[in-house]
$ cat my_file_9.cif   # mmCIF, C-alpha atoms (C1' of nucleotides)
data_final
#
loop_
_atom_site.label_atom_id
_atom_site.label_comp_id
_atom_site.auth_asym_id
_atom_site.auth_seq_id
_atom_site.Cartn_x
_atom_site.Cartn_y
_atom_site.Cartn_z
CA MET A 291 133.55 61.04 -23.95
CA GLU A 292 137.06 59.75 -24.54
CA GLU A 293 135.75 56.23 -24.84
CA ASP A 294 133.36 57.47 -27.46
CA LYS A 295 136.18 58.96 -29.52
CA ARG A 296 138.15 55.74 -29.33
CA ARG A 297 135.24 53.71 -30.65
CA ARG A 298 134.72 56.08 -33.58
CA LEU A 299 138.36 55.81 -34.54
CA GLU A 300 138.40 52.06 -34.48
CA GLU A 301 135.28 51.93 -36.59
CA SER A 302 136.87 54.18 -39.20
CA GLY A 303 139.65 51.84 -40.19
CA TRP A 304 142.38 53.29 -37.96
CA LYS A 305 144.09 50.14 -36.84
CA VAL A 306 147.33 52.08 -36.99
CA GLY A 307 150.42 49.93 -37.19
CA SER A 308 150.24 46.20 -36.85
CA ALA A 309 149.80 45.99 -33.09
CA ALA A 310 146.44 47.59 -33.79
CA ASP A 311 146.12 48.63 -30.18
CA PHE A 312 144.78 52.12 -29.67
CA LEU A 313 147.24 52.84 -26.93
CA ASP A 314 150.21 51.97 -29.13
CA LEU A 315 149.78 55.08 -31.22
CA THR A 316 152.83 57.30 -31.14
CA GLU A 317 152.36 60.96 -30.31
CA GLU A 318 152.67 61.77 -33.98
CA GLU A 319 150.14 59.20 -35.08
CA ALA A 320 147.72 60.29 -32.40
CA ALA A 321 148.07 63.94 -33.38
CA TYR A 322 147.49 63.08 -37.02
CA VAL A 323 144.37 61.06 -36.33
CA GLU A 324 142.98 63.61 -33.91
CA LEU A 325 143.60 66.39 -36.39
CA ARG A 326 141.61 64.51 -39.01
CA LEU A 327 138.87 63.80 -36.52
CA ALA A 328 138.67 67.46 -35.55
CA LEU A 329 138.27 68.45 -39.18
CA SER A 330 135.57 65.90 -39.91
CA GLU A 331 133.60 66.94 -36.84
CA THR A 332 133.87 70.58 -37.85
CA LEU A 333 132.74 69.69 -41.34
CA ARG A 334 129.55 68.11 -40.06
CA GLU A 335 128.89 71.01 -37.72
CA ARG A 336 129.34 73.57 -40.45
CA ARG A 337 127.27 71.65 -42.99
CA MET A 338 124.38 71.39 -40.55
CA GLU A 339 124.61 75.02 -39.51
CA LYS A 340 124.24 75.92 -43.17
CA GLY A 341 121.27 73.57 -43.48
CA LEU A 342 122.92 71.54 -46.22
CA THR A 343 122.40 67.85 -46.91
CA GLN A 344 125.35 65.62 -47.67
CA GLU A 345 124.04 65.42 -51.21
CA GLU A 346 124.12 69.20 -51.61
CA LEU A 347 127.59 69.57 -50.18
CA ALA A 348 128.75 66.73 -52.42
CA ARG A 349 127.58 68.60 -55.48
CA ARG A 350 129.46 71.71 -54.41
CA ILE A 351 132.74 69.86 -54.37
CA GLY A 352 132.00 67.61 -57.33
CA SER A 353 131.75 64.51 -55.21
CA SER A 354 129.05 62.13 -54.03
CA GLN A 355 126.86 61.74 -50.96
CA SER A 356 128.60 58.56 -49.94
CA ARG A 357 131.98 60.23 -49.93
CA VAL A 358 130.72 63.11 -47.84
CA ALA A 359 129.37 60.57 -45.37
CA LYS A 360 132.84 59.05 -45.22
CA MET A 361 134.42 62.46 -44.74
CA GLU A 362 132.24 63.12 -41.74
CA ALA A 363 132.95 59.64 -40.43
CA SER A 364 136.68 60.33 -40.72
CA ASP A 365 136.98 57.22 -42.85
CA SER A 366 140.57 56.18 -43.48
CA THR A 367 140.13 56.41 -47.25
CA VAL A 368 139.43 60.14 -47.06
CA SER A 369 142.33 62.53 -47.60
CA LEU A 370 143.02 65.68 -45.66
CA ASP A 371 142.84 67.46 -48.98
CA LEU A 372 139.24 66.44 -49.46
CA LEU A 373 138.33 67.35 -45.89
CA VAL A 374 139.79 70.81 -46.33
CA LYS A 375 138.05 71.29 -49.67
CA GLY A 376 134.80 70.27 -48.02
CA LEU A 377 135.30 72.79 -45.26
CA LEU A 378 136.11 75.56 -47.71
CA ALA A 379 132.92 74.68 -49.59
CA THR A 380 130.94 75.41 -46.44
CA GLY A 381 132.42 78.90 -46.43
CA ALA A 382 135.18 78.19 -43.93
CA THR A 383 138.21 80.47 -44.05
CA ARG A 384 141.82 79.54 -43.37
CA GLY A 385 141.28 80.93 -39.90
CA ASP A 386 138.26 78.69 -39.38
CA ILE A 387 140.27 75.67 -40.42
CA ALA A 388 143.15 76.65 -38.17
CA ALA A 389 140.72 77.02 -35.28
CA ALA A 390 139.28 73.58 -35.98
CA ILE A 391 142.75 72.05 -35.93
CA ALA A 392 144.09 73.72 -32.82
CA PRO A 393 143.51 71.91 -29.53
CA GLU A 394 140.71 73.43 -27.48
CA GLY A 395 141.35 76.80 -25.90
CA THR A 396 144.44 77.76 -27.84
CA THR A 397 142.96 80.31 -30.20
CA ARG A 398 140.93 83.46 -29.99
CA ALA A 399 138.94 85.45 -32.48
CA ALA A 400 140.96 87.41 -35.00
CA MET B 41 156.42 89.99 -52.31
CA GLU B 42 153.05 89.12 -53.81
CA GLU B 43 154.62 88.78 -57.20
CA ASP B 44 157.07 86.36 -55.69
CA LYS B 45 154.28 84.18 -54.32
CA ARG B 46 152.56 84.14 -57.67
CA ARG B 47 155.65 82.94 -59.45
CA ARG B 48 156.22 80.15 -56.96
CA LEU B 49 152.67 78.96 -57.39
CA GLU B 50 152.83 78.91 -61.15
CA GLU B 51 156.06 76.98 -61.04
CA SER B 52 154.50 74.35 -58.80
CA GLY B 53 151.90 73.15 -61.26
CA TRP B 54 148.99 75.23 -60.02
CA LYS B 55 147.42 76.18 -63.30
CA VAL B 56 144.07 75.92 -61.59
CA GLY B 57 141.15 75.49 -63.93
CA SER B 58 141.60 75.75 -67.65
CA ALA B 59 141.83 79.53 -67.95
CA ALA B 60 145.12 79.10 -66.10
CA ASP B 61 145.12 82.73 -65.11
CA PHE B 62 146.18 83.40 -61.54
CA LEU B 63 143.49 86.01 -61.08
CA ASP B 64 140.75 83.55 -62.02
CA LEU B 65 141.15 81.61 -58.81
CA THR B 66 137.99 81.59 -56.75
CA GLU B 67 138.23 82.52 -53.11
CA GLU B 68 138.08 78.84 -52.21
CA GLU B 69 140.80 77.82 -54.62
CA ALA B 70 143.03 80.66 -53.46
CA ALA B 71 142.53 79.74 -49.82
CA TYR B 72 143.34 76.12 -50.57
CA VAL B 73 146.53 76.93 -52.45
CA GLU B 74 147.67 79.48 -49.88
CA LEU B 75 147.03 77.05 -47.08
CA ARG B 76 149.24 74.49 -48.79
CA LEU B 77 151.88 77.10 -49.41
CA ALA B 78 151.84 78.16 -45.77
CA LEU B 79 152.36 74.56 -44.67
CA SER B 80 155.23 73.92 -47.05
CA GLU B 81 156.98 77.11 -45.99
CA THR B 82 156.58 76.18 -42.36
CA LEU B 83 157.90 72.72 -43.08
CA ARG B 84 161.11 74.12 -44.53
CA GLU B 85 161.51 76.56 -41.65
CA ARG B 86 161.05 73.87 -39.05
CA ARG B 87 163.32 71.38 -40.78
CA MET B 88 166.11 73.94 -40.96
CA GLU B 89 165.64 75.05 -37.37
CA LYS B 90 166.13 71.45 -36.37
CA GLY B 91 169.22 71.22 -38.54
CA LEU B 92 167.83 68.36 -40.59
CA THR B 93 168.59 67.61 -44.24
CA GLN B 94 165.80 66.65 -46.61
CA GLU B 95 167.29 63.20 -46.64
CA GLU B 96 167.01 62.87 -42.86
CA LEU B 97 163.47 64.14 -42.72
CA ALA B 98 162.57 61.78 -45.55
CA ARG B 99 163.80 58.82 -43.54
CA ARG B 100 161.70 59.87 -40.56
CA ILE B 101 158.52 59.71 -42.60
CA GLY B 102 159.52 56.74 -44.71
CA SER B 103 159.82 58.79 -47.86
CA SER B 104 162.57 60.05 -50.13
CA GLN B 105 164.64 63.20 -50.46
CA SER B 106 163.04 64.07 -53.76
CA ARG B 107 159.58 63.95 -52.26
CA VAL B 108 160.60 66.18 -49.38
CA ALA B 109 161.96 68.65 -51.90
CA LYS B 110 158.58 68.60 -53.62
CA MET B 111 156.80 69.07 -50.31
CA GLU B 112 158.79 72.20 -49.61
CA ALA B 113 158.21 73.41 -53.16
CA SER B 114 154.47 72.94 -52.67
CA ASP B 115 154.43 70.73 -55.74
CA SER B 116 150.93 69.91 -56.94
CA THR B 117 151.52 66.18 -56.60
CA VAL B 118 152.04 66.47 -52.85
CA SER B 119 149.06 65.82 -50.61
CA LEU B 120 148.11 67.78 -47.53
CA ASP B 121 148.37 64.50 -45.66
CA LEU B 122 152.04 64.21 -46.49
CA LEU B 123 152.71 67.82 -45.62
CA VAL B 124 151.08 67.38 -42.23
CA LYS B 125 152.97 64.16 -41.58
CA GLY B 126 156.17 65.94 -42.46
CA LEU B 127 155.41 68.74 -40.03
CA LEU B 128 154.58 66.31 -37.26
CA ALA B 129 157.89 64.57 -37.92
CA THR B 130 159.68 67.83 -37.16
CA GLY B 131 158.02 67.84 -33.77
CA ALA B 132 155.18 70.18 -34.66
CA THR B 133 152.04 69.95 -32.57
CA ARG B 134 148.46 70.42 -33.68
CA GLY B 135 148.76 73.93 -32.35
CA ASP B 136 151.86 74.56 -34.45
CA ILE B 137 150.06 73.37 -37.54
CA ALA B 138 147.03 75.49 -36.76
CA ALA B 139 149.28 78.51 -36.33
CA ALA B 140 150.93 77.80 -39.67
CA ILE B 141 147.56 77.65 -41.39
CA ALA B 142 145.97 80.72 -39.86
CA PRO B 143 146.48 84.00 -41.70
CA GLU B 144 149.09 86.21 -40.08
CA GLY B 145 148.19 87.81 -36.80
CA THR B 146 145.16 85.75 -35.92
CA THR B 147 146.62 83.52 -33.26
CA ARG B 148 148.50 83.88 -30.03
CA ALA B 149 150.48 81.50 -27.89
CA ALA B 150 148.47 78.92 -26.00
"C1'" DG C 244 102.46 48.79 -40.09
"C1'" DG C 245 104.37 51.94 -44.41
"C1'" DT C 246 106.56 55.89 -46.98
"C1'" DC C 247 110.04 59.14 -47.56
"C1'" DG C 248 114.18 61.97 -46.93
"C1'" DA C 249 118.63 61.62 -45.20
"C1'" DT C 250 122.69 59.19 -43.93
"C1'" DA C 251 125.70 54.93 -43.75
"C1'" DT C 252 128.22 51.07 -45.82
"C1'" DG C 253 130.27 48.14 -49.41
"C1'" DT C 254 132.24 47.70 -53.88
"C1'" DC C 255 134.74 48.88 -58.06
"C1'" DA C 256 137.08 51.06 -62.22
"C1'" DC C 257 139.76 54.87 -62.69
"C1'" DA C 258 142.60 58.88 -61.26
"C1'" DT C 259 146.15 60.66 -58.49
"C1'" DA C 260 149.84 60.50 -54.98
"C1'" DT C 261 153.62 57.71 -53.66
"C1'" DG C 262 158.60 56.05 -52.97
"C1'" DG C 263 162.50 55.22 -55.43
"C1'" DC C 264 165.89 56.16 -58.63
"C1'" DA C 265 168.83 58.88 -61.81
"C1'" DT C 266 170.68 63.09 -62.57
"C1'" DA C 267 170.99 68.09 -62.75
"C1'" DA C 268 171.58 72.23 -60.26
"C1'" DT C 269 172.90 74.63 -56.31
"C1'" DT C 270 175.22 75.60 -52.03
"C1'" DT C 271 178.98 74.90 -48.74
"C1'" DA C 272 183.71 73.98 -47.34
"C1'" DC C 273 188.28 73.64 -48.44
"C1'" DG D 56 189.18 76.88 -58.41
"C1'" DT D 57 186.87 71.99 -57.12
"C1'" DA D 58 185.08 68.40 -54.33
"C1'" DA D 59 181.42 67.22 -51.33
"C1'" DA D 60 177.04 67.85 -49.61
"C1'" DT D 61 172.57 69.25 -50.27
"C1'" DT D 62 168.62 70.29 -52.89
"C1'" DA D 63 165.86 70.31 -57.39
"C1'" DT D 64 163.73 68.01 -61.31
"C1'" DG D 65 162.05 64.26 -64.24
"C1'" DC D 66 160.38 59.78 -64.63
"C1'" DC D 67 157.94 55.37 -63.53
"C1'" DA D 68 155.58 51.21 -61.36
"C1'" DT D 69 152.63 50.72 -57.82
"C1'" DA D 70 149.77 52.02 -53.85
"C1'" DT D 71 146.10 54.80 -52.32
"C1'" DG D 72 142.20 58.01 -52.86
"C1'" DT D 73 138.35 58.99 -55.88
"C1'" DG D 74 133.44 59.42 -57.71
"C1'" DA D 75 129.76 56.67 -58.71
"C1'" DC D 76 126.48 53.31 -57.85
"C1'" DA D 77 123.73 49.95 -55.21
"C1'" DT D 78 121.85 48.98 -51.11
"C1'" DA D 79 121.21 49.16 -46.14
"C1'" DT D 80 119.96 51.76 -42.07
"C1'" DC D 81 117.93 55.34 -39.65
"C1'" DG D 82 114.45 58.84 -38.30
"C1'" DA D 83 110.31 61.57 -38.74
"C1'" DC D 84 105.68 61.58 -39.99
"C1'" DC D 85 101.31 59.57 -40.88
#
$ encode --input "my_file_9.cif" --output "C-alpha cells"
Amino acid sequence: MEEDKRRRLEESGWKVGSAADFLDLTEEEAAYVELRLALSETLRERRMEKGLTQEELARRIGSSQSRVAKMEASDSTVSLDLLVKGLLATGATRGDIAAAIAPEGTTRAA
Amino acid sequence: MEEDKRRRLEESGWKVGSAADFLDLTEEEAAYVELRLALSETLRERRMEKGLTQEELARRIGSSQSRVAKMEASDSTVSLDLLVKGLLATGATRGDIAAAIAPEGTTRAA
DNA sequence: GGTCGATATGTCACATATGGCATAATTTAC
DNA sequence: GTAAATTATGCCATATGTGACATATCGACC
C-alpha cells in the first residue's frame, strides 16, 4: 500500500531534489506531493462516479484527454490550479476539496 | 464585508471572462477565486503569527518579497502551487490547508 | 486472432507563472 | 517631524505549465 504510493510518485517525475531518494523528502516536500496525490486520486474517483470519460471532462475544462490523464497520474507538469479546476468541473465544492486534502479521519460532514 | 471582498478581487486582476462583471461568475469560477482568496488570507495570518517578514518567508521558499506580497494580495499571476508552498513554509500541515480551504464552520480539530 | 472505446505516454509551440529588480507607498519607531 | 523597516506595484527575461496532436497500451467483446 505504501510501496504502491512510492512507485506511483517515482513514475510521475517526482525525483525531488538532486539526491532523488524518496526518503530524502523534507516534511514540506512530502506534504506537498501527498497533497497533490490526494487531489489527483479524488479527481479520478469523482470523474468515474459521474460516469465521465477523460475526454468529456477535458472538454468541460477546455483541455485535452492527454492532460486529464496526466492530472490523474499526478504528473509533475500538472499544476495544482488545473487539478482544482478539474475537481470543480466534476461538481466538487470547496468543502469536497478540503476533505480530499485533509489527512484521513480529520474531517466530518458539514 | 462582502463589498470588501469584491473590491479586493477586482483589484487583483480577476476580471473573469469578458463581461468582467462580478456577478457573472459561475459557481465554479466563484469557488475557485474564493478558494484562492482563503489561502492567501491564511498565508498572511500565519506569516504574521510567526513574526516573519515577507522578505524572510520569501527566502524560505526561494522567492522574492514582491512575489510574497502578490501571494497575500491573491494576485492573478500567483499559482495555487506557490500559495500552498508558502503555507507549508509557515509550518502549515495538510490539515491546516484543508481547514483554510473549507467554508467556515465545516471542520473541527483532528 | 481482430475491432473498438478508453486511457497512457511522448513531443512541441505557445501561454503563463516565476524570481529579481527598481521604486513607490505605507507602517513603525524614535 | 523623519528615518528605517516593511509592504505594494510595475516591469522583464526566463522557466514552467499548457493544449493539441500522434501514437502506444490496455481492456472488453466478439
$ resolve_selection --input "my_file_9.cif" --expression "the PyMOL selection byres ((chain C) within 10 of (chain B))" --output "JSON list (two decimals) with C-alpha atoms (C1' of nucleotides), keeping the file's coordinate frame"
[["chain", "number", "residue", "atom", "x", "y", "z"],
["C", 259, "DT", "C1'", 146.15, 60.66, -58.49],
["C", 260, "DA", "C1'", 149.84, 60.50, -54.98],
["C", 261, "DT", "C1'", 153.62, 57.71, -53.66],
["C", 262, "DG", "C1'", 158.60, 56.05, -52.97],
["C", 263, "DG", "C1'", 162.50, 55.22, -55.43],
["C", 264, "DC", "C1'", 165.89, 56.16, -58.63]]
$ resolve_selection --input "my_file_9.cif" --expression "the PyMOL selection byres ((chain B and resi 124-127) around 9)" --output "ChimeraX atom specification"
/A:318-319,322,370 /B:79-80,82-83,86-87,97-98,100-101,108,111,119-123,128-133,136-137
$ write_last_selection --input "my_file_9.cif" --atoms "C-alpha atoms" --output "PDB file, in the coordinates of the input"
ATOM      1  CA  GLU A 318     152.670  61.770 -33.980  1.00  0.00           C
ATOM      2  CA  GLU A 319     150.140  59.200 -35.080  1.00  0.00           C
ATOM      3  CA  TYR A 322     147.490  63.080 -37.020  1.00  0.00           C
ATOM      4  CA  LEU A 370     143.020  65.680 -45.660  1.00  0.00           C
TER       5      LEU A 370
ATOM      6  CA  LEU B  79     152.360  74.560 -44.670  1.00  0.00           C
ATOM      7  CA  SER B  80     155.230  73.920 -47.050  1.00  0.00           C
ATOM      8  CA  THR B  82     156.580  76.180 -42.360  1.00  0.00           C
ATOM      9  CA  LEU B  83     157.900  72.720 -43.080  1.00  0.00           C
ATOM     10  CA  ARG B  86     161.050  73.870 -39.050  1.00  0.00           C
ATOM     11  CA  ARG B  87     163.320  71.380 -40.780  1.00  0.00           C
ATOM     12  CA  LEU B  97     163.470  64.140 -42.720  1.00  0.00           C
ATOM     13  CA  ALA B  98     162.570  61.780 -45.550  1.00  0.00           C
ATOM     14  CA  ARG B 100     161.700  59.870 -40.560  1.00  0.00           C
ATOM     15  CA  ILE B 101     158.520  59.710 -42.600  1.00  0.00           C
ATOM     16  CA  VAL B 108     160.600  66.180 -49.380  1.00  0.00           C
ATOM     17  CA  MET B 111     156.800  69.070 -50.310  1.00  0.00           C
ATOM     18  CA  SER B 119     149.060  65.820 -50.610  1.00  0.00           C
ATOM     19  CA  LEU B 120     148.110  67.780 -47.530  1.00  0.00           C
ATOM     20  CA  ASP B 121     148.370  64.500 -45.660  1.00  0.00           C
ATOM     21  CA  LEU B 122     152.040  64.210 -46.490  1.00  0.00           C
ATOM     22  CA  LEU B 123     152.710  67.820 -45.620  1.00  0.00           C
ATOM     23  CA  LEU B 128     154.580  66.310 -37.260  1.00  0.00           C
ATOM     24  CA  ALA B 129     157.890  64.570 -37.920  1.00  0.00           C
ATOM     25  CA  THR B 130     159.680  67.830 -37.160  1.00  0.00           C
ATOM     26  CA  GLY B 131     158.020  67.840 -33.770  1.00  0.00           C
ATOM     27  CA  ALA B 132     155.180  70.180 -34.660  1.00  0.00           C
ATOM     28  CA  THR B 133     152.040  69.950 -32.570  1.00  0.00           C
ATOM     29  CA  ASP B 136     151.860  74.560 -34.450  1.00  0.00           C
ATOM     30  CA  ILE B 137     150.060  73.370 -37.540  1.00  0.00           C
TER      31      ILE B 137
END
$ interface_residues --input "my_file_9.cif" --of "chain D" --to "chain B" --cutoff "8 Å" --atoms "only C-alpha atoms (C1' of nucleotides)" --output "ChimeraX atom specification"
/D:61-63
$ resolve_selection --input "my_file_9.cif" --expression "the PyMOL selection byres ((chain B) within 7 of (chain A))" --output "ChimeraX atom specification"
/B:68,71,75,119-121,128,134-135,138-139,141-143,146-148,150
$ atom_distance --input "my_file_9.cif" --atom1 "C1' of DG244 in chain C" --atom2 "C1' of DT80 in chain D"
17.9 Å
$ atom_distance --input "my_file_9.cif" --atom1 "C1' of DT252 in chain C" --atom2 "C1' of DT78 in chain D"
8.5 Å
$ atom_distance --input "my_file_9.cif" --atom1 "CA of Arg334 in chain A" --atom2 "CA of Ala320 in chain A"
21.2 Å
$ residues_around --input "my_file_9.cif" --residues "DC85 in chain D" --least-positions-apart "6" --cutoff "12 Å" --atoms "only C-alpha atoms (C1' of nucleotides)" --output "list in words"
DG244, DG245, DT246 and DC247 of chain C
$ decode --input "my_file_9.cif" --residues "range 331-342 of chain A" --atoms "all heavy atoms" --output "PDB file, in the first residue's frame"
ATOM      1  N   GLU A 331      -6.123  11.590  -7.022  1.00  0.00           N
ATOM      2  CA  GLU A 331      -6.910  10.380  -6.747  1.00  0.00           C
ATOM      3  C   GLU A 331      -8.388  10.724  -6.628  1.00  0.00           C
ATOM      4  O   GLU A 331      -9.243  10.020  -7.165  1.00  0.00           O
ATOM      5  CB  GLU A 331      -6.416   9.704  -5.466  1.00  0.00           C
ATOM      6  CG  GLU A 331      -5.088   8.994  -5.650  1.00  0.00           C
ATOM      7  CD  GLU A 331      -4.494   8.487  -4.332  1.00  0.00           C
ATOM      8  OE1 GLU A 331      -5.059   8.819  -3.264  1.00  0.00           O
ATOM      9  OE2 GLU A 331      -3.475   7.770  -4.375  1.00  0.00           O
ATOM     10  N   THR A 332      -8.659  11.816  -5.933  1.00  0.00           N
ATOM     11  CA  THR A 332     -10.052  12.239  -5.776  1.00  0.00           C
ATOM     12  C   THR A 332     -10.659  12.616  -7.114  1.00  0.00           C
ATOM     13  O   THR A 332     -11.832  12.340  -7.375  1.00  0.00           O
ATOM     14  CB  THR A 332     -10.138  13.429  -4.806  1.00  0.00           C
ATOM     15  OG1 THR A 332      -9.566  13.058  -3.554  1.00  0.00           O
ATOM     16  CG2 THR A 332     -11.586  13.849  -4.588  1.00  0.00           C
ATOM     17  N   LEU A 333      -9.844  13.218  -7.965  1.00  0.00           N
ATOM     18  CA  LEU A 333     -10.340  13.595  -9.284  1.00  0.00           C
ATOM     19  C   LEU A 333     -10.801  12.358 -10.047  1.00  0.00           C
ATOM     20  O   LEU A 333     -11.896  12.329 -10.604  1.00  0.00           O
ATOM     21  CB  LEU A 333      -9.256  14.322 -10.076  1.00  0.00           C
ATOM     22  CG  LEU A 333      -9.644  14.693 -11.513  1.00  0.00           C
ATOM     23  CD1 LEU A 333     -10.826  15.669 -11.508  1.00  0.00           C
ATOM     24  CD2 LEU A 333      -8.470  15.291 -12.267  1.00  0.00           C
ATOM     25  N   ARG A 334      -9.969  11.336 -10.053  1.00  0.00           N
ATOM     26  CA  ARG A 334     -10.348  10.120 -10.778  1.00  0.00           C
ATOM     27  C   ARG A 334     -11.611   9.503 -10.171  1.00  0.00           C
ATOM     28  O   ARG A 334     -12.523   9.123 -10.909  1.00  0.00           O
ATOM     29  CB  ARG A 334      -9.193   9.112 -10.751  1.00  0.00           C
ATOM     30  CG  ARG A 334      -9.615   7.707 -11.182  1.00  0.00           C
ATOM     31  CD  ARG A 334      -8.450   6.877 -11.643  1.00  0.00           C
ATOM     32  NE  ARG A 334      -7.948   7.356 -12.946  1.00  0.00           N
ATOM     33  CZ  ARG A 334      -6.783   6.995 -13.453  1.00  0.00           C
ATOM     34  NH1 ARG A 334      -5.971   6.206 -12.797  1.00  0.00           N
ATOM     35  NH2 ARG A 334      -6.425   7.447 -14.637  1.00  0.00           N
ATOM     36  N   GLU A 335     -11.650   9.437  -8.862  1.00  0.00           N
ATOM     37  CA  GLU A 335     -12.833   8.869  -8.210  1.00  0.00           C
ATOM     38  C   GLU A 335     -14.107   9.612  -8.618  1.00  0.00           C
ATOM     39  O   GLU A 335     -15.103   9.005  -8.997  1.00  0.00           O
ATOM     40  CB  GLU A 335     -12.672   8.934  -6.686  1.00  0.00           C
ATOM     41  CG  GLU A 335     -11.664   7.942  -6.131  1.00  0.00           C
ATOM     42  CD  GLU A 335     -11.272   8.280  -4.692  1.00  0.00           C
ATOM     43  OE1 GLU A 335     -11.920   9.169  -4.094  1.00  0.00           O
ATOM     44  OE2 GLU A 335     -10.321   7.660  -4.169  1.00  0.00           O
ATOM     45  N   ARG A 336     -14.027  10.943  -8.538  1.00  0.00           N
ATOM     46  CA  ARG A 336     -15.217  11.730  -8.842  1.00  0.00           C
ATOM     47  C   ARG A 336     -15.612  11.620 -10.314  1.00  0.00           C
ATOM     48  O   ARG A 336     -16.791  11.520 -10.644  1.00  0.00           O
ATOM     49  CB  ARG A 336     -14.994  13.193  -8.471  1.00  0.00           C
ATOM     50  CG  ARG A 336     -14.867  13.445  -6.969  1.00  0.00           C
ATOM     51  CD  ARG A 336     -14.879  14.941  -6.678  1.00  0.00           C
ATOM     52  NE  ARG A 336     -16.080  15.549  -7.185  1.00  0.00           N
ATOM     53  CZ  ARG A 336     -17.179  15.757  -6.456  1.00  0.00           C
ATOM     54  NH1 ARG A 336     -17.207  15.412  -5.188  1.00  0.00           N
ATOM     55  NH2 ARG A 336     -18.236  16.307  -6.999  1.00  0.00           N
ATOM     56  N   ARG A 337     -14.626  11.626 -11.198  1.00  0.00           N
ATOM     57  CA  ARG A 337     -14.930  11.510 -12.620  1.00  0.00           C
ATOM     58  C   ARG A 337     -15.658  10.204 -12.889  1.00  0.00           C
ATOM     59  O   ARG A 337     -16.653  10.160 -13.625  1.00  0.00           O
ATOM     60  CB  ARG A 337     -13.646  11.578 -13.446  1.00  0.00           C
ATOM     61  CG  ARG A 337     -13.888  11.400 -14.945  1.00  0.00           C
ATOM     62  CD  ARG A 337     -12.613  11.474 -15.753  1.00  0.00           C
ATOM     63  NE  ARG A 337     -11.645  10.424 -15.440  1.00  0.00           N
ATOM     64  CZ  ARG A 337     -11.717   9.180 -15.932  1.00  0.00           C
ATOM     65  NH1 ARG A 337     -12.699   8.840 -16.747  1.00  0.00           N
ATOM     66  NH2 ARG A 337     -10.806   8.294 -15.606  1.00  0.00           N
ATOM     67  N   MET A 338     -15.161   9.116 -12.287  1.00  0.00           N
ATOM     68  CA  MET A 338     -15.762   7.812 -12.547  1.00  0.00           C
ATOM     69  C   MET A 338     -17.149   7.698 -11.934  1.00  0.00           C
ATOM     70  O   MET A 338     -18.048   7.132 -12.543  1.00  0.00           O
ATOM     71  CB  MET A 338     -14.829   6.731 -12.028  1.00  0.00           C
ATOM     72  CG  MET A 338     -13.535   6.711 -12.834  1.00  0.00           C
ATOM     73  SD  MET A 338     -12.571   5.200 -12.585  1.00  0.00           S
ATOM     74  CE  MET A 338     -11.902   4.969 -14.245  1.00  0.00           C
ATOM     75  N   GLU A 339     -17.298   8.277 -10.749  1.00  0.00           N
ATOM     76  CA  GLU A 339     -18.624   8.261 -10.120  1.00  0.00           C
ATOM     77  C   GLU A 339     -19.652   8.945 -11.014  1.00  0.00           C
ATOM     78  O   GLU A 339     -20.806   8.535 -11.071  1.00  0.00           O
ATOM     79  CB  GLU A 339     -18.576   8.988  -8.773  1.00  0.00           C
ATOM     80  CG  GLU A 339     -18.009   8.146  -7.633  1.00  0.00           C
ATOM     81  CD  GLU A 339     -17.768   9.006  -6.393  1.00  0.00           C
ATOM     82  OE1 GLU A 339     -18.318  10.120  -6.343  1.00  0.00           O
ATOM     83  OE2 GLU A 339     -17.041   8.555  -5.494  1.00  0.00           O
ATOM     84  N   LYS A 340     -19.191  10.002 -11.701  1.00  0.00           N
ATOM     85  CA  LYS A 340     -20.105  10.733 -12.572  1.00  0.00           C
ATOM     86  C   LYS A 340     -20.248  10.058 -13.934  1.00  0.00           C
ATOM     87  O   LYS A 340     -20.994  10.525 -14.791  1.00  0.00           O
ATOM     88  CB  LYS A 340     -19.600  12.168 -12.785  1.00  0.00           C
ATOM     89  CG  LYS A 340     -19.369  12.950 -11.508  1.00  0.00           C
ATOM     90  CD  LYS A 340     -20.664  13.396 -10.876  1.00  0.00           C
ATOM     91  CE  LYS A 340     -20.381  14.127  -9.569  1.00  0.00           C
ATOM     92  NZ  LYS A 340     -21.625  14.530  -8.901  1.00  0.00           N
ATOM     93  N   GLY A 341     -19.494   8.984 -14.149  1.00  0.00           N
ATOM     94  CA  GLY A 341     -19.576   8.276 -15.416  1.00  0.00           C
ATOM     95  C   GLY A 341     -19.018   9.067 -16.580  1.00  0.00           C
ATOM     96  O   GLY A 341     -19.467   8.934 -17.717  1.00  0.00           O
ATOM     97  N   LEU A 342     -18.021   9.895 -16.307  1.00  0.00           N
ATOM     98  CA  LEU A 342     -17.415  10.698 -17.367  1.00  0.00           C
ATOM     99  C   LEU A 342     -16.153  10.038 -17.897  1.00  0.00           C
ATOM    100  O   LEU A 342     -15.444   9.357 -17.151  1.00  0.00           O
ATOM    101  CB  LEU A 342     -17.037  12.084 -16.829  1.00  0.00           C
ATOM    102  CG  LEU A 342     -18.159  13.006 -16.350  1.00  0.00           C
ATOM    103  CD1 LEU A 342     -17.566  14.234 -15.660  1.00  0.00           C
ATOM    104  CD2 LEU A 342     -19.019  13.435 -17.520  1.00  0.00           C
TER     105      LEU A 342
END
